[in-house]
file start-v4.txt (compact mmCIF, C-alpha atoms)
# COMPACT_ATOMS: atom_id res chain seq x y z
CA GLY A 1 16.34 -14.20 6.42
CA GLY A 2 16.95 -17.77 5.32
CA GLY A 3 15.69 -20.01 2.56
CA GLY A 4 18.20 -19.15 -0.19
CA GLY A 5 18.37 -21.74 -2.92
CA GLY A 6 21.69 -21.30 -4.65
CA GLY A 7 24.30 -20.95 -1.94
CA GLY A 8 26.02 -24.26 -2.59
CA ILE A 9 26.33 -24.30 -6.38
CA SER A 10 27.96 -22.18 -9.07
CA SER A 11 26.42 -19.11 -10.68
CA GLY A 12 26.08 -21.10 -13.89
CA GLY A 13 24.24 -23.84 -12.04
CA CYS A 14 21.90 -21.32 -10.43
CA PHE A 15 21.19 -19.71 -13.77
CA SER A 16 20.54 -23.10 -15.40
CA CYS A 17 18.05 -23.99 -12.67
CA GLY A 18 16.22 -20.71 -13.05
CA LEU A 19 16.24 -20.96 -16.83
CA GLY A 20 14.77 -24.47 -16.82
CA ALA A 21 12.11 -23.60 -14.24
CA GLY A 22 11.18 -20.43 -16.14
CA LEU A 23 10.88 -22.22 -19.48
CA VAL A 24 8.51 -24.87 -18.16
CA VAL A 25 6.23 -22.55 -16.19
CA THR A 26 6.14 -19.89 -18.93
CA ALA A 27 5.24 -22.34 -21.70
CA VAL A 28 2.38 -23.77 -19.65
CA LEU A 29 0.98 -20.34 -18.69
CA ASN A 30 1.46 -18.36 -21.96
CA PRO A 31 -2.24 -18.54 -23.00
CA TRP A 32 -3.18 -17.15 -19.56
CA ASP A 33 -0.69 -14.26 -19.99
CA ARG A 34 -1.97 -13.33 -23.43
CA ALA A 35 -5.64 -13.53 -22.44
CA LEU A 36 -4.97 -11.29 -19.44
CA PHE A 37 -3.29 -8.63 -21.56
CA LEU A 38 -6.02 -8.63 -24.22
CA SER A 39 -8.76 -8.50 -21.57
CA ILE A 40 -7.16 -5.41 -19.99
CA VAL A 41 -6.47 -3.40 -23.15
CA ASN A 42 -9.81 -4.29 -24.78
CA GLN A 43 -11.78 -4.04 -21.51
CA ARG A 44 -13.58 -7.34 -21.93
CA ALA A 45 -14.11 -10.37 -19.72
CA PHE A 46 -11.02 -12.50 -19.13
CA LEU A 47 -12.80 -15.71 -20.20
CA SER A 48 -14.11 -14.16 -23.44
CA ALA A 49 -13.32 -16.50 -26.35
CA GLU A 50 -11.67 -13.65 -28.28
CA ASN A 51 -8.89 -13.50 -25.68
CA TRP A 52 -8.02 -17.17 -26.24
CA ARG A 53 -7.64 -17.20 -30.02
CA ASP A 54 -4.11 -17.92 -31.19
CA PRO A 55 -3.03 -18.57 -27.57
CA TYR A 56 0.63 -19.22 -28.37
CA ARG A 57 1.24 -16.07 -30.43
CA GLY A 58 4.34 -14.42 -29.01
CA LEU A 59 5.48 -17.59 -27.23
CA ALA A 60 9.08 -17.44 -28.52
CA GLN A 61 9.78 -13.97 -27.13
CA THR A 62 7.74 -14.72 -24.00
CA LEU A 63 9.85 -17.82 -23.40
CA ALA A 64 13.05 -15.85 -23.99
CA GLN A 65 12.04 -12.97 -21.73
CA ARG A 66 10.46 -14.91 -18.87
CA SER A 67 13.01 -17.70 -18.78
CA ILE A 68 15.81 -15.12 -18.63
CA SER A 69 13.81 -13.22 -16.01
CA SER A 70 13.39 -16.34 -13.88
CA GLY A 71 16.92 -17.49 -14.57
CA LEU A 72 18.26 -14.23 -13.19
CA TYR A 73 15.60 -13.27 -10.62
CA PHE A 74 16.02 -16.11 -8.16
CA PRO A 75 19.85 -16.25 -8.23
CA LEU A 76 19.94 -12.43 -8.03
CA GLU A 77 17.51 -12.51 -5.10
CA ASP A 78 19.85 -14.92 -3.28
CA ARG A 79 22.94 -12.84 -4.01
CA PHE A 80 21.42 -9.44 -3.26
CA SER A 81 19.99 -10.84 -0.03
CA ARG A 82 23.45 -11.99 1.09
CA ALA A 83 25.15 -8.77 -0.04
CA LEU A 84 22.58 -6.50 1.62
CA GLY A 85 22.05 -8.70 4.67
CA SER A 86 18.27 -8.74 4.13
CA SER A 87 16.01 -11.00 2.10
CA VAL A 88 13.49 -8.15 1.80
CA LEU A 89 16.01 -5.68 0.35
CA GLY A 90 17.39 -8.48 -1.83
CA GLY A 91 13.94 -9.18 -3.25
CA GLN A 92 13.37 -5.50 -3.98
CA ALA A 93 16.75 -5.11 -5.68
CA ALA A 94 16.24 -8.22 -7.82
CA GLY A 95 12.77 -7.04 -8.83
CA VAL A 96 13.89 -3.57 -9.88
CA VAL A 97 16.93 -4.83 -11.81
CA MET A 98 14.91 -7.41 -13.74
CA GLY A 99 11.99 -5.06 -14.36
CA VAL A 100 14.16 -2.36 -15.91
CA LEU A 101 16.50 -4.67 -17.86
CA LEU A 102 13.67 -6.65 -19.46
CA ASN A 103 11.32 -3.73 -20.09
CA PRO A 104 12.22 -3.42 -23.83
CA PHE A 105 11.40 -7.12 -24.37
CA SER A 106 8.10 -6.76 -22.52
CA PHE A 107 7.15 -3.66 -24.50
CA VAL A 108 7.79 -5.28 -27.89
CA LYS A 109 6.02 -8.49 -26.83
CA TYR A 110 2.89 -6.58 -25.82
CA GLN A 111 3.02 -4.59 -29.08
CA CYS A 112 3.10 -7.95 -30.93
CA TRP A 113 0.07 -9.17 -28.98
CA GLY A 114 -1.93 -6.05 -29.72
CA SER A 115 -1.00 -5.83 -33.41
CA ASP A 116 -3.29 -6.93 -36.23
CA THR A 117 -0.43 -6.76 -38.75
CA GLY A 118 3.15 -7.52 -37.73
CA ARG A 119 3.43 -10.46 -35.36
CA LEU A 120 7.16 -11.11 -35.53
CA PHE A 121 9.28 -9.78 -32.69
CA LEU A 122 12.05 -8.18 -34.77
CA THR A 123 9.56 -6.77 -37.29
CA THR A 124 7.59 -5.16 -34.48
CA ALA A 125 10.76 -3.87 -32.77
CA ARG A 126 11.88 -2.26 -36.04
CA ARG A 127 8.45 -0.71 -36.61
CA VAL A 128 8.22 0.91 -33.16
CA TYR A 129 11.81 2.14 -33.45
CA MET A 130 11.02 3.81 -36.78
CA ASP A 131 7.85 5.31 -35.27
CA ALA A 132 9.30 6.81 -32.08
CA GLY A 133 13.08 6.30 -31.89
CA PRO A 134 15.18 4.40 -29.33
CA LEU A 135 13.50 5.90 -26.25
CA VAL A 136 10.29 4.06 -27.17
CA PHE A 137 11.83 0.94 -25.56
CA LEU A 138 11.73 2.70 -22.17
CA ARG A 139 7.95 2.97 -22.26
CA GLY A 140 6.61 1.47 -19.07
CA ALA A 141 10.07 1.27 -17.46
CA GLY A 142 9.22 3.58 -14.56
CA SER A 143 5.97 1.82 -13.69
CA SER A 144 7.78 -1.53 -14.13
CA ALA A 145 10.45 -0.50 -11.60
CA VAL A 146 7.91 0.64 -9.00
CA ARG A 147 5.72 -2.41 -9.59
CA ASP A 148 8.64 -4.82 -9.25
CA ALA A 149 10.06 -3.08 -6.18
CA ILE A 150 6.70 -3.49 -4.38
CA PHE A 151 6.29 -7.07 -5.57
CA GLY A 152 9.89 -8.02 -4.73
CA LEU A 153 9.49 -6.72 -1.19
CA CYS A 154 6.27 -8.68 -0.57
CA PHE A 155 7.44 -11.89 -2.26
CA ALA A 156 10.73 -11.86 -0.33
CA LEU A 157 8.80 -12.04 2.95
CA ARG A 158 8.38 -15.78 2.29
CA LYS A 159 12.09 -16.15 3.12
CA THR A 160 12.16 -14.17 6.38
CA SER A 161 13.12 -15.96 9.57
CA TRP A 162 9.65 -15.53 11.12
CA VAL A 163 7.88 -17.12 8.15
CA GLN A 164 10.44 -19.94 7.99
CA ALA A 165 9.94 -20.57 11.72
CA GLN A 166 6.14 -20.70 11.37
CA ALA A 167 6.40 -23.19 8.52
CA GLY A 168 8.85 -25.37 10.46
CA PRO A 169 12.29 -26.63 9.45
CA GLU A 170 11.03 -29.68 7.58
CA HIS A 171 8.06 -28.13 5.80
CA SER A 172 6.99 -29.88 2.62
CA ALA A 173 7.22 -28.62 -0.94
CA ALA A 174 3.44 -28.24 -0.92
CA SER A 175 3.45 -25.96 2.13
CA ARG A 176 6.34 -23.92 0.68
CA PHE A 177 4.36 -23.53 -2.54
CA VAL A 178 1.28 -22.35 -0.63
CA VAL A 179 3.33 -19.83 1.40
CA ALA A 180 5.08 -18.52 -1.73
CA THR A 181 1.73 -18.26 -3.56
CA LEU A 182 0.19 -16.24 -0.73
CA PHE A 183 3.07 -13.74 -0.57
CA ALA A 184 3.16 -13.47 -4.37
CA ALA A 185 -0.59 -12.77 -4.36
CA VAL A 186 -0.15 -9.99 -1.77
CA GLY A 187 2.68 -8.50 -3.82
CA THR A 188 0.65 -8.64 -7.02
CA ALA A 189 -2.35 -6.95 -5.43
CA ALA A 190 -0.22 -4.22 -3.82
CA SER A 191 1.61 -3.46 -7.08
CA SER A 192 -1.43 -3.80 -9.38
CA PRO A 193 -2.05 -0.04 -9.94
CA PHE A 194 1.43 0.26 -11.47
CA ASN A 195 0.93 -2.93 -13.49
CA TYR A 196 -2.25 -1.36 -14.89
CA VAL A 197 -0.34 1.79 -15.90
CA ARG A 198 2.40 -0.36 -17.45
CA SER A 199 -0.05 -2.39 -19.55
CA LEU A 200 -1.72 0.75 -20.92
CA ALA A 201 1.67 2.37 -21.63
CA TYR A 202 2.70 -0.74 -23.57
CA ALA A 203 -0.57 -0.76 -25.51
CA GLU A 204 -0.49 2.97 -26.42
CA LYS A 205 0.05 3.71 -30.12
CA THR A 206 3.69 4.49 -30.85
CA TRP A 207 2.84 7.81 -32.53
CA VAL A 208 1.53 9.09 -29.18
CA PRO A 209 4.53 10.90 -27.57
CA LEU A 210 5.49 9.15 -24.33
CA GLU A 211 9.26 9.48 -24.39
CA SER A 212 9.91 12.47 -22.08
CA LEU A 213 9.85 12.21 -18.28
CA ARG A 214 7.06 14.78 -18.16
CA SER A 215 4.91 12.85 -20.64
CA LYS A 216 5.44 9.64 -18.62
CA TYR A 217 4.40 11.44 -15.43
CA VAL A 218 1.33 12.99 -17.07
CA PHE A 219 0.35 9.61 -18.58
CA THR A 220 0.65 7.86 -15.18
CA GLN A 221 -1.25 10.60 -13.37
CA ARG A 222 -4.01 10.65 -15.99
CA THR A 223 -4.33 6.86 -16.12
CA LEU A 224 -4.62 6.46 -12.35
CA GLY A 225 -6.84 9.55 -12.11
CA ASP A 226 -9.25 8.17 -14.72
CA LEU A 227 -9.32 4.84 -12.91
CA ILE A 228 -10.12 6.43 -9.54
CA ARG A 229 -12.74 8.74 -11.06
CA GLU A 230 -14.52 5.87 -12.86
CA ALA A 231 -14.46 3.81 -9.66
CA GLY A 232 -15.98 6.75 -7.76
CA GLN A 233 -18.81 6.98 -10.29
CA GLN A 234 -20.02 3.46 -9.46
CA PRO A 235 -23.34 3.40 -7.56
CA THR A 236 -22.13 1.55 -4.44
CA ARG A 237 -18.86 0.96 -2.60
CA TRP A 238 -19.10 -2.74 -3.44
CA SER A 239 -19.52 -2.02 -7.16
CA SER A 240 -16.55 0.38 -6.98
CA THR A 241 -14.45 -2.38 -5.43
CA ARG A 242 -15.60 -4.83 -8.10
CA PHE A 243 -14.84 -2.30 -10.83
CA LEU A 244 -11.27 -1.78 -9.58
CA SER A 245 -10.71 -5.49 -9.08
CA ASN A 246 -11.95 -6.26 -12.59
CA ARG A 247 -10.05 -3.43 -14.29
CA MET A 248 -6.74 -4.41 -12.64
CA ARG A 249 -7.47 -8.13 -13.06
CA LEU A 250 -6.86 -8.79 -9.38
CA GLY A 251 -8.56 -12.17 -9.54
CA TRP A 252 -7.10 -13.85 -12.63
CA GLY A 253 -4.03 -11.62 -12.79
CA THR A 254 -3.17 -12.20 -9.15
CA ALA A 255 -3.61 -15.95 -9.52
CA ARG A 256 -1.41 -16.02 -12.64
CA VAL A 257 1.53 -14.24 -11.04
CA ALA A 258 1.17 -16.04 -7.72
CA VAL A 259 1.04 -19.52 -9.25
CA GLY A 260 3.77 -18.72 -11.79
CA MET A 261 6.24 -17.24 -9.30
CA ALA A 262 5.59 -19.83 -6.61
CA GLY A 263 5.87 -22.67 -9.13
CA THR A 264 9.10 -21.30 -10.59
CA ASP A 265 10.47 -20.76 -7.07
CA GLN A 266 9.84 -24.38 -6.10
CA CYS A 267 11.29 -25.74 -9.37
CA TYR A 268 14.38 -23.54 -8.84
CA LEU A 269 14.86 -24.71 -5.23
CA ALA A 270 14.42 -28.36 -6.20
CA CYS A 271 16.92 -28.01 -9.04
CA CYS A 272 19.47 -26.23 -6.80
CA ARG A 273 19.19 -28.99 -4.17
CA ALA A 274 19.60 -31.67 -6.81
CA MET A 275 22.69 -29.99 -8.27
CA SER A 276 24.33 -29.39 -4.88
CA SER A 277 23.70 -32.91 -3.53

call {"tool": "encode", "arguments": {"input": "start-v4.txt", "output": "structure tokens"}}
result
Amino acid sequence: GGGGGGGGISSGGCFSCGLGAGLVVTAVLNPWDRALFLSIVNQRAFLSAENWRDPYRGLAQTLAQRSISSGLYFPLEDRFSRALGSSVLGGQAAGVVMGVLLNPFSFVKYQCWGSDTGRLFLTTARRVYMDAGPLVFLRGAGSSAVRDAIFGLCFALRKTSWVQAQAGPEHSAASRFVVATLFAAVGTAASSPFNYVRSLAYAEKTWVPLESLRSKYVFTQRTLGDLIREAGQQPTRWSSTRFLSNRMRLGWGTARVAVGMAGTDQCYLACCRAMSS
């Protein structure tokens, strides 16, 4: 597939473009991220005022994690796509690599968000380490890898030859943004069950043992099983669908990821073009 952004500039230039794009988009959308997380773990409406108190708590580590994630994701996607000869495989590979590498940062960030006491990143990291040892930082890593593999595959479809041909060779930034948003939304919806498991794994108290492979498997099976059972207990099929959509935040959560990834993608492409011209 085509549409790579960083072919004509250095790795440092690519990383700088991704870093800048990630910083801007992450800073703007941090309150949305935090409200989503709190709405999921506390099972309350996304627009509840309680979710929007202290909206920039955790911004420093969110900026660090997401800007690094963006700074690496898009250049890695380009490079994996060229190495593997497929934009789809490249997107999957980039997603899995970033999901696993950044999992410890995500885990500590979510622990900060859910804590009523320690709000500092290093303080929280030290506390969870003392509670459960070094393997605590792998909580959610498996569900992150599966989630990001599914998302990376779907999002990479925006760069396939067929999609590029439909959009036309001279398609505008606005149409590219719309196409990227649509594919990101599909990827988010498809991977949402694993995102739900990941959020609950991050929110679980550190004294609950989740460090062995068996405990991770049992936790995932139980979490998804409870979700399916509760959905089945709804009175109608429509209410079951609404229950699942609300619990996995398919509306607001999908929009957040879709807008964030598409916006970062377009900023990255624009920056790469500017640096290579």

call {"tool": "closest_residue", "arguments": {"input": "start-v4.txt", "among": "A:Arg57, A:Arg242, A:Arg247, A:Arg158", "to": "Phe177 of chain A", "atoms": "only C-alpha atoms"}}
result
A:Arg158

call {"tool": "atom_distance", "arguments": {"input": "start-v4.txt", "atom1": "atom CA of Met98 of chain A", "atom2": "atom CA of Tyr73 of chain A"}}
result
6.7 Å

call {"tool": "residues_around", "arguments": {"input": "start-v4.txt", "residues": "Val146 of chain A", "least_positions_apart": "2", "cutoff": "9 Å", "atoms": "only C-alpha atoms", "output": "list in words"}}
result
Val96, Gly99, Ala141, Gly142, Ser143, Ser144, Asp148, Ala149, Ile150, Phe151, Ser191 and Phe194 of chain A

call {"tool": "atom_distance", "arguments": {"input": "start-v4.txt", "atom1": "atom CA of Leu19 of chain A", "atom2": "atom CA of Val41 of chain A"}}
result
29.4 Å

call {"tool": "residues_around", "arguments": {"input": "start-v4.txt", "residues": "segment 42-51 of chain A", "least_positions_apart": "2", "cutoff": "9 Å", "atoms": "only C-alpha atoms", "output": "number ranges by chain"}}
result
A: 31, 34-40, 53-55, 246-247, 249, 252

call {"tool": "residues_around", "arguments": {"input": "start-v4.txt", "residues": "segment 128-133 of chain A", "least_positions_apart": "3", "cutoff": "9 Å", "atoms": "all atoms listed in the file", "output": "ChimeraX atom specification"}}
result
/A:108,111,123-125,136-137,206-211

call {"tool": "write_last_selection", "arguments": {"input": "start-v4.txt", "atoms": "C-alpha atoms", "output": "PDB file, in the coordinates of the input"}}
result
ATOM      1  CA  VAL A 108       7.790  -5.280 -27.890  1.00  0.00           C
ATOM      2  CA  GLN A 111       3.020  -4.590 -29.080  1.00  0.00           C
ATOM      3  CA  THR A 123       9.560  -6.770 -37.290  1.00  0.00           C
ATOM      4  CA  THR A 124       7.590  -5.160 -34.480  1.00  0.00           C
ATOM      5  CA  ALA A 125      10.760  -3.870 -32.770  1.00  0.00           C
ATOM      6  CA  VAL A 136      10.290   4.060 -27.170  1.00  0.00           C
ATOM      7  CA  PHE A 137      11.830   0.940 -25.560  1.00  0.00           C
ATOM      8  CA  THR A 206       3.690   4.490 -30.850  1.00  0.00           C
ATOM      9  CA  TRP A 207       2.840   7.810 -32.530  1.00  0.00           C
ATOM     10  CA  VAL A 208       1.530   9.090 -29.180  1.00  0.00           C
ATOM     11  CA  PRO A 209       4.530  10.900 -27.570  1.00  0.00           C
ATOM     12  CA  LEU A 210       5.490   9.150 -24.330  1.00  0.00           C
ATOM     13  CA  GLU A 211       9.260   9.480 -24.390  1.00  0.00           C
TER      14      GLU A 211
END

call {"tool": "residues_around", "arguments": {"input": "start-v4.txt", "residues": "Ala180 of chain A", "least_positions_apart": "4", "cutoff": "8 Å", "atoms": "all atoms listed in the file", "output": "ChimeraX atom specification"}}
result
/A:155,158,176,184,258,261-262,265

call {"tool": "residues_around", "arguments": {"input": "start-v4.txt", "residues": "Ile228 of chain A", "least_positions_apart": "4", "cutoff": "12 Å", "atoms": "all atoms listed in the file", "output": "MDAnalysis selection string"}}
result
chainID A and resid 193 221:224 232:234 240:241 243:245 247:248

call {"tool": "build_atoms", "arguments": {"input": "start-v4.txt", "residues": "segment 226-237 of chain A", "atoms": "all heavy atoms", "output": "PDB file, in the coordinates of the input"}}
result
ATOM      1  N   ASP A 226      -8.055   8.667 -14.021  1.00  0.00           N
ATOM      2  CA  ASP A 226      -9.250   8.170 -14.720  1.00  0.00           C
ATOM      3  C   ASP A 226      -9.800   6.929 -14.030  1.00  0.00           C
ATOM      4  O   ASP A 226     -11.027   6.781 -13.888  1.00  0.00           O
ATOM      5  CB  ASP A 226      -8.905   7.829 -16.176  1.00  0.00           C
ATOM      6  CG  ASP A 226      -8.659   9.062 -17.037  1.00  0.00           C
ATOM      7  OD1 ASP A 226      -8.987  10.175 -16.568  1.00  0.00           O
ATOM      8  OD2 ASP A 226      -8.132   8.905 -18.154  1.00  0.00           O
ATOM      9  N   LEU A 227      -8.904   6.066 -13.589  1.00  0.00           N
ATOM     10  CA  LEU A 227      -9.320   4.840 -12.910  1.00  0.00           C
ATOM     11  C   LEU A 227     -10.064   5.155 -11.611  1.00  0.00           C
ATOM     12  O   LEU A 227     -11.145   4.605 -11.343  1.00  0.00           O
ATOM     13  CB  LEU A 227      -8.093   3.969 -12.627  1.00  0.00           C
ATOM     14  CG  LEU A 227      -8.347   2.585 -12.016  1.00  0.00           C
ATOM     15  CD1 LEU A 227      -9.028   1.682 -13.031  1.00  0.00           C
ATOM     16  CD2 LEU A 227      -7.022   1.962 -11.569  1.00  0.00           C
ATOM     17  N   ILE A 228      -9.495   6.044 -10.814  1.00  0.00           N
ATOM     18  CA  ILE A 228     -10.120   6.430  -9.540  1.00  0.00           C
ATOM     19  C   ILE A 228     -11.453   7.133  -9.773  1.00  0.00           C
ATOM     20  O   ILE A 228     -12.442   6.872  -9.076  1.00  0.00           O
ATOM     21  CB  ILE A 228      -9.156   7.332  -8.730  1.00  0.00           C
ATOM     22  CG1 ILE A 228      -7.928   6.531  -8.295  1.00  0.00           C
ATOM     23  CG2 ILE A 228      -9.859   7.926  -7.508  1.00  0.00           C
ATOM     24  CD1 ILE A 228      -6.788   7.378  -7.758  1.00  0.00           C
ATOM     25  N   ARG A 229     -11.504   8.013 -10.783  1.00  0.00           N
ATOM     26  CA  ARG A 229     -12.740   8.740 -11.060  1.00  0.00           C
ATOM     27  C   ARG A 229     -13.851   7.777 -11.514  1.00  0.00           C
ATOM     28  O   ARG A 229     -14.992   7.873 -11.039  1.00  0.00           O
ATOM     29  CB  ARG A 229     -12.504   9.795 -12.150  1.00  0.00           C
ATOM     30  CG  ARG A 229     -13.698  10.725 -12.325  1.00  0.00           C
ATOM     31  CD  ARG A 229     -13.492  11.753 -13.429  1.00  0.00           C
ATOM     32  NE  ARG A 229     -13.404  11.130 -14.738  1.00  0.00           N
ATOM     33  CZ  ARG A 229     -12.279  10.981 -15.421  1.00  0.00           C
ATOM     34  NH1 ARG A 229     -11.124  11.390 -14.918  1.00  0.00           N
ATOM     35  NH2 ARG A 229     -12.284  10.407 -16.613  1.00  0.00           N
ATOM     36  N   GLU A 230     -13.515   6.834 -12.401  1.00  0.00           N
ATOM     37  CA  GLU A 230     -14.520   5.870 -12.860  1.00  0.00           C
ATOM     38  C   GLU A 230     -14.992   4.991 -11.715  1.00  0.00           C
ATOM     39  O   GLU A 230     -16.177   4.656 -11.628  1.00  0.00           O
ATOM     40  CB  GLU A 230     -13.938   5.002 -13.982  1.00  0.00           C
ATOM     41  CG  GLU A 230     -13.766   5.743 -15.302  1.00  0.00           C
ATOM     42  CD  GLU A 230     -13.217   4.827 -16.385  1.00  0.00           C
ATOM     43  OE1 GLU A 230     -13.876   3.818 -16.697  1.00  0.00           O
ATOM     44  OE2 GLU A 230     -12.122   5.108 -16.906  1.00  0.00           O
ATOM     45  N   ALA A 231     -14.063   4.617 -10.820  1.00  0.00           N
ATOM     46  CA  ALA A 231     -14.460   3.810  -9.660  1.00  0.00           C
ATOM     47  C   ALA A 231     -15.403   4.595  -8.767  1.00  0.00           C
ATOM     48  O   ALA A 231     -16.388   4.050  -8.242  1.00  0.00           O
ATOM     49  CB  ALA A 231     -13.223   3.379  -8.877  1.00  0.00           C
ATOM     50  N   GLY A 232     -15.129   5.903  -8.598  1.00  0.00           N
ATOM     51  CA  GLY A 232     -15.980   6.750  -7.760  1.00  0.00           C
ATOM     52  C   GLY A 232     -17.362   6.974  -8.330  1.00  0.00           C
ATOM     53  O   GLY A 232     -18.293   7.322  -7.601  1.00  0.00           O
ATOM     54  N   GLN A 233     -17.506   6.774  -9.638  1.00  0.00           N
ATOM     55  CA  GLN A 233     -18.810   6.980 -10.290  1.00  0.00           C
ATOM     56  C   GLN A 233     -19.723   5.758 -10.172  1.00  0.00           C
ATOM     57  O   GLN A 233     -20.884   5.826 -10.578  1.00  0.00           O
ATOM     58  CB  GLN A 233     -18.587   7.326 -11.761  1.00  0.00           C
ATOM     59  CG  GLN A 233     -17.978   8.699 -11.982  1.00  0.00           C
ATOM     60  CD  GLN A 233     -17.560   8.952 -13.415  1.00  0.00           C
ATOM     61  OE1 GLN A 233     -17.512   8.016 -14.237  1.00  0.00           O
ATOM     62  NE2 GLN A 233     -17.236  10.207 -13.739  1.00  0.00           N
ATOM     63  N   GLN A 234     -19.196   4.660  -9.628  1.00  0.00           N
ATOM     64  CA  GLN A 234     -20.020   3.460  -9.460  1.00  0.00           C
ATOM     65  C   GLN A 234     -21.058   3.717  -8.368  1.00  0.00           C
ATOM     66  O   GLN A 234     -20.821   4.478  -7.430  1.00  0.00           O
ATOM     67  CB  GLN A 234     -19.151   2.259  -9.097  1.00  0.00           C
ATOM     68  CG  GLN A 234     -18.044   1.948 -10.097  1.00  0.00           C
ATOM     69  CD  GLN A 234     -18.536   1.715 -11.501  1.00  0.00           C
ATOM     70  OE1 GLN A 234     -19.418   0.890 -11.733  1.00  0.00           O
ATOM     71  NE2 GLN A 234     -17.987   2.453 -12.457  1.00  0.00           N
ATOM     72  N   PRO A 235     -22.236   3.069  -8.476  1.00  0.00           N
ATOM     73  CA  PRO A 235     -23.340   3.400  -7.560  1.00  0.00           C
ATOM     74  C   PRO A 235     -23.109   3.038  -6.085  1.00  0.00           C
ATOM     75  O   PRO A 235     -23.625   3.710  -5.196  1.00  0.00           O
ATOM     76  CB  PRO A 235     -24.524   2.611  -8.138  1.00  0.00           C
ATOM     77  CG  PRO A 235     -23.899   1.540  -8.986  1.00  0.00           C
ATOM     78  CD  PRO A 235     -22.641   2.125  -9.520  1.00  0.00           C
ATOM     79  N   THR A 236     -22.358   1.964  -5.826  1.00  0.00           N
ATOM     80  CA  THR A 236     -22.130   1.550  -4.440  1.00  0.00           C
ATOM     81  C   THR A 236     -20.638   1.297  -4.215  1.00  0.00           C
ATOM     82  O   THR A 236     -19.866   1.166  -5.169  1.00  0.00           O
ATOM     83  CB  THR A 236     -22.890   0.254  -4.091  1.00  0.00           C
ATOM     84  OG1 THR A 236     -22.343  -0.827  -4.873  1.00  0.00           O
ATOM     85  CG2 THR A 236     -24.383   0.410  -4.378  1.00  0.00           C
ATOM     86  N   ARG A 237     -20.271   1.243  -2.929  1.00  0.00           N
ATOM     87  CA  ARG A 237     -18.860   0.960  -2.600  1.00  0.00           C
ATOM     88  C   ARG A 237     -18.463  -0.425  -3.099  1.00  0.00           C
ATOM     89  O   ARG A 237     -17.348  -0.627  -3.581  1.00  0.00           O
ATOM     90  CB  ARG A 237     -18.656   1.082  -1.087  1.00  0.00           C
ATOM     91  CG  ARG A 237     -17.205   0.939  -0.668  1.00  0.00           C
ATOM     92  CD  ARG A 237     -17.018   1.287   0.787  1.00  0.00           C
ATOM     93  NE  ARG A 237     -17.327   2.692   1.050  1.00  0.00           N
ATOM     94  CZ  ARG A 237     -17.258   3.248   2.254  1.00  0.00           C
ATOM     95  NH1 ARG A 237     -16.911   2.519   3.284  1.00  0.00           N
ATOM     96  NH2 ARG A 237     -17.539   4.524   2.423  1.00  0.00           N
TER      97      ARG A 237
END
